[in-house]
Amino acid sequence: DLEQQQQQQQQPSLVESEGNTCKIEEQNEEHIEEQNAAETKSGAVKCDHECHLHILEEMNKITANVIAKVAFDYDISDKERDAFLKDLLTCWQTFGVNAATDLRKQIRFTRWMFSDIRNAKRAAKRLFEFCAKMSESYRTKKEKQPHKLIHMILNDADYKDDEERFRDMVAFTIAGFDTTANTLSFTLLELAKNQEEQTKLRDALRACESSDEAHSCPQLKNTVREILRLYPAVATGSLRQVHSDVILPATKKVIPSGSLVVSSYYAIQRDPDVFDDPNSFLPSRWEDATKEQNMS
């Protein structure tokens with residue numbers, strides 16, 4: 001019909017002859033070879049050009065794997081990890097982000113009417129069950145790891161019962177999960193946008209002769225500090241109550257005792273009076289940081 005003809009006219013067409021097809025394939029192969037050669041020269045990892053990588057999702061998976069092993073001494077499977085992340089997101093969105101959308105969802109006698117609340121409760125139950133599984137796995141191990149978080153939790157007599165322990169296990173996971181995954185994602189974003197900084201960091205890490213040396217690499221530390229400056233884990237800041245009058249040095253204005261103060265980390269760490277070119281990714285600024293910059 002007319003609509004289909006118009007759509008066809010708007011789309012670029014290729015003559016489907018054997019000669020043209022071969023020519024297009026040859027051009028694609030030449031382009032791919034040139035790009036692969038450039039990537040090899042720069043030290044970049046080759047990638048299938050048909051693949052699409054969702055960086056945050058991948059960082060979420062990596063972070064979950066690391067937390068499970070490092071904090072809870074548990075080798076989590078892909079299936080367990082994906083289910084855990086799904087349930088964690090459900091609880092976070094329902095009990096956290098969307099909790100204030102309807103007052104009835106916060107009242108014990110009315111929240112049961114909402115299907116999302118019931119679904120989130122089931123997700124929370126599964127999270128607790130998985131924490132119980134990790135705890136049982138650790139308890140059955142012959143070799144204990146006193147420095148592991150799970151060891152400290154399970155051997156802390158101040159907990160009333162295991163349910164209270166599982167709550168803290170979930171809380172610690174939430175506290176260390178999205179903050180780490182987001183920071184890693186922003187790091188890769190800025191390094192992808194800034195090839196020169198990417199090359200500096202790569203060369204510095206390649207020059208390290210051991211993993212310990214790499215951990216203390218100045219270029220790596222400066223990169224992480226700059227990422228945390230631009231993208232603080234809790235950008236909105238924190239709420240504090242002052243217990244005595246505070247005189248602001250610049251304006252001499254007084255914040256009275258008992259006042260509630262919100263400090264925006266995002267604003268503080270992008271203050272143009274403290275940081276030159278505050279919205280730019282410049283790890284080198286930390287090589288000779290001022291007192292004010294370090295305090296921020």
# chains A, B, ... in the order shown; residues from 1 in each chain; ligands from 1
call {"tool": "residues_around", "arguments": {"residues": "Asp288 in chain A", "least_positions_apart": "5", "cutoff": "12 Å", "atoms": "only C-alpha atoms", "output": "PyMOL selection string"}}
result
chain A and resi 218+222+283+293-294
call {"tool": "write_last_selection", "arguments": {"atoms": "N, CA, C and O atoms", "output": "CSV table (one decimal), in the first residue's frame"}}
result
chain,number,residue,atom,x,y,z
A,218,PRO,N,50.2,5.4,42.0
A,218,PRO,CA,49.7,6.8,42.1
A,218,PRO,C,48.6,7.2,41.0
A,218,PRO,O,47.7,7.8,41.3
A,222,ASN,N,44.9,8.4,41.8
A,222,ASN,CA,44.4,9.7,41.4
A,222,ASN,C,43.1,9.5,40.5
A,222,ASN,O,42.2,10.4,40.6
A,283,PRO,N,42.5,13.6,36.5
A,283,PRO,CA,43.2,12.9,37.6
A,283,PRO,C,44.5,13.5,38.1
A,283,PRO,O,44.9,13.4,39.2
A,293,GLN,N,41.2,21.1,48.6
A,293,GLN,CA,40.8,20.0,47.8
A,293,GLN,C,40.8,18.7,48.6
A,293,GLN,O,39.9,17.9,48.4
A,294,ASN,N,41.8,18.5,49.4
A,294,ASN,CA,41.9,17.3,50.2
A,294,ASN,C,40.8,17.2,51.2
A,294,ASN,O,40.2,16.2,51.5
call {"tool": "select_by_dssp", "arguments": {"residues": "range 54-295 of chain A", "states": "alpha helix (DSSP H)", "output": "MDAnalysis selection string"}}
result
chainID A and resid 55:70 78:91 115:139 149:154 162:193 195:206 211:215 218:230 265:268 291:295
call {"tool": "residues_around", "arguments": {"residues": "range 229-244 of chain A", "least_positions_apart": "5", "cutoff": "8 Å", "atoms": "only C-alpha atoms", "output": "VMD selection string"}}
result
chain A and resid 179 182 to 183 186 256 to 266 269 to 270 279 281
call {"tool": "residues_around", "arguments": {"residues": "Ile255 in chain A", "least_positions_apart": "5", "cutoff": "8 Å", "atoms": "only C-alpha atoms", "output": "list in words"}}
result
Asp245, Val246, Ile247 and Leu248 of chain A
call {"tool": "closest_residue", "arguments": {"among": "A:Met295, A:Ile67, A:Met169, A:Ala100", "to": "Lys133 in chain A", "atoms": "only C-alpha atoms"}}
result
A:Met169
call {"tool": "select_by_dssp", "arguments": {"residues": "range 69-257 of chain A", "states": "strand (DSSP E)", "output": "ChimeraX atom specification"}}
result
/A:238-241,246-247,254-255
call {"tool": "atom_distance", "arguments": {"atom1": "CA of Gln195 in chain A", "atom2": "CA of Leu282 in chain A"}}
result
12.1 Å
call {"tool": "residues_around", "arguments": {"residues": "Glu129 in chain A", "least_positions_apart": "6", "cutoff": "10 Å", "atoms": "only C-alpha atoms", "output": "list in words"}}
result
Ala123, Ser135, Glu163 and Phe166 of chain A
call {"tool": "closest_residue", "arguments": {"among": "A:Thr290, A:Lys221, A:Phe95, A:Leu89", "to": "Leu201 in chain A", "atoms": "only C-alpha atoms"}}
result
A:Lys221
call {"tool": "closest_residue", "arguments": {"among": "A:Arg104, A:Arg118, A:Lys79, A:Arg165", "to": "Met152 in chain A", "atoms": "only C-alpha atoms"}}
result
A:Arg165
call {"tool": "closest_residue", "arguments": {"among": "A:Lys252, A:Ser296, A:Lys144, A:Ala175", "to": "Asp273 in chain A", "atoms": "only C-alpha atoms"}}
result
A:Ser296
call {"tool": "atom_distance", "arguments": {"atom1": "CA of Asp271 in chain A", "atom2": "CA of Thr199 in chain A"}}
result
27.7 Å
call {"tool": "residues_around", "arguments": {"residues": "range 72-76 of chain A", "least_positions_apart": "2", "cutoff": "7 Å", "atoms": "only C-alpha atoms", "output": "ChimeraX atom specification"}}
result
/A:65,67-70,78,80-81,134,138,148-150
call {"tool": "write_last_selection", "arguments": {"atoms": "N, CA, C and O atoms", "output": "PDB file, in the first residue's frame"}}
result
ATOM      1  N   ASN A  65      29.634 -10.798  42.670  1.00  0.00           N
ATOM      2  CA  ASN A  65      30.558 -11.933  42.801  1.00  0.00           C
ATOM      3  C   ASN A  65      31.625 -11.647  43.850  1.00  0.00           C
ATOM      4  O   ASN A  65      31.946 -12.505  44.684  1.00  0.00           O
ATOM      5  N   ILE A  67      31.580  -9.382  46.365  1.00  0.00           N
ATOM      6  CA  ILE A  67      31.026  -9.270  47.727  1.00  0.00           C
ATOM      7  C   ILE A  67      30.747 -10.651  48.309  1.00  0.00           C
ATOM      8  O   ILE A  67      31.044 -10.930  49.473  1.00  0.00           O
ATOM      9  N   ALA A  68      30.163 -11.533  47.483  1.00  0.00           N
ATOM     10  CA  ALA A  68      29.849 -12.877  47.964  1.00  0.00           C
ATOM     11  C   ALA A  68      31.111 -13.608  48.419  1.00  0.00           C
ATOM     12  O   ALA A  68      31.116 -14.284  49.457  1.00  0.00           O
ATOM     13  N   LYS A  69      32.191 -13.455  47.649  1.00  0.00           N
ATOM     14  CA  LYS A  69      33.437 -14.171  47.974  1.00  0.00           C
ATOM     15  C   LYS A  69      34.209 -13.496  49.090  1.00  0.00           C
ATOM     16  O   LYS A  69      34.643 -14.152  50.054  1.00  0.00           O
ATOM     17  N   VAL A  70      34.404 -12.191  48.971  1.00  0.00           N
ATOM     18  CA  VAL A  70      35.259 -11.475  49.916  1.00  0.00           C
ATOM     19  C   VAL A  70      34.584 -11.289  51.280  1.00  0.00           C
ATOM     20  O   VAL A  70      35.216 -11.483  52.328  1.00  0.00           O
ATOM     21  N   ASP A  78      26.085 -18.168  38.852  1.00  0.00           N
ATOM     22  CA  ASP A  78      25.442 -17.139  38.024  1.00  0.00           C
ATOM     23  C   ASP A  78      23.938 -17.099  38.284  1.00  0.00           C
ATOM     24  O   ASP A  78      23.336 -16.013  38.351  1.00  0.00           O
ATOM     25  N   GLU A  80      22.303 -18.024  41.046  1.00  0.00           N
ATOM     26  CA  GLU A  80      22.055 -17.460  42.373  1.00  0.00           C
ATOM     27  C   GLU A  80      22.255 -15.949  42.358  1.00  0.00           C
ATOM     28  O   GLU A  80      21.462 -15.203  42.933  1.00  0.00           O
ATOM     29  N   ARG A  81      23.324 -15.521  41.687  1.00  0.00           N
ATOM     30  CA  ARG A  81      23.617 -14.092  41.629  1.00  0.00           C
ATOM     31  C   ARG A  81      22.511 -13.314  40.924  1.00  0.00           C
ATOM     32  O   ARG A  81      22.058 -12.272  41.413  1.00  0.00           O
ATOM     33  N   MET A 134      24.182 -19.025  52.711  1.00  0.00           N
ATOM     34  CA  MET A 134      25.590 -18.626  52.806  1.00  0.00           C
ATOM     35  C   MET A 134      26.130 -18.840  54.215  1.00  0.00           C
ATOM     36  O   MET A 134      27.272 -19.272  54.388  1.00  0.00           O
ATOM     37  N   TYR A 138      29.193 -21.396  55.380  1.00  0.00           N
ATOM     38  CA  TYR A 138      30.387 -20.998  56.126  1.00  0.00           C
ATOM     39  C   TYR A 138      30.530 -21.812  57.411  1.00  0.00           C
ATOM     40  O   TYR A 138      31.653 -22.203  57.782  1.00  0.00           O
ATOM     41  N   LYS A 148      36.879 -12.324  57.613  1.00  0.00           N
ATOM     42  CA  LYS A 148      35.714 -12.195  56.745  1.00  0.00           C
ATOM     43  C   LYS A 148      34.541 -11.594  57.525  1.00  0.00           C
ATOM     44  O   LYS A 148      34.353 -11.870  58.716  1.00  0.00           O
ATOM     45  N   LEU A 149      33.745 -10.814  56.827  1.00  0.00           N
ATOM     46  CA  LEU A 149      32.589 -10.184  57.462  1.00  0.00           C
ATOM     47  C   LEU A 149      31.622 -11.225  58.013  1.00  0.00           C
ATOM     48  O   LEU A 149      31.080 -11.063  59.113  1.00  0.00           O
ATOM     49  N   ILE A 150      31.420 -12.295  57.272  1.00  0.00           N
ATOM     50  CA  ILE A 150      30.459 -13.311  57.722  1.00  0.00           C
ATOM     51  C   ILE A 150      30.925 -13.975  59.016  1.00  0.00           C
ATOM     52  O   ILE A 150      30.104 -14.334  59.869  1.00  0.00           O
TER      53      ILE A 150
END
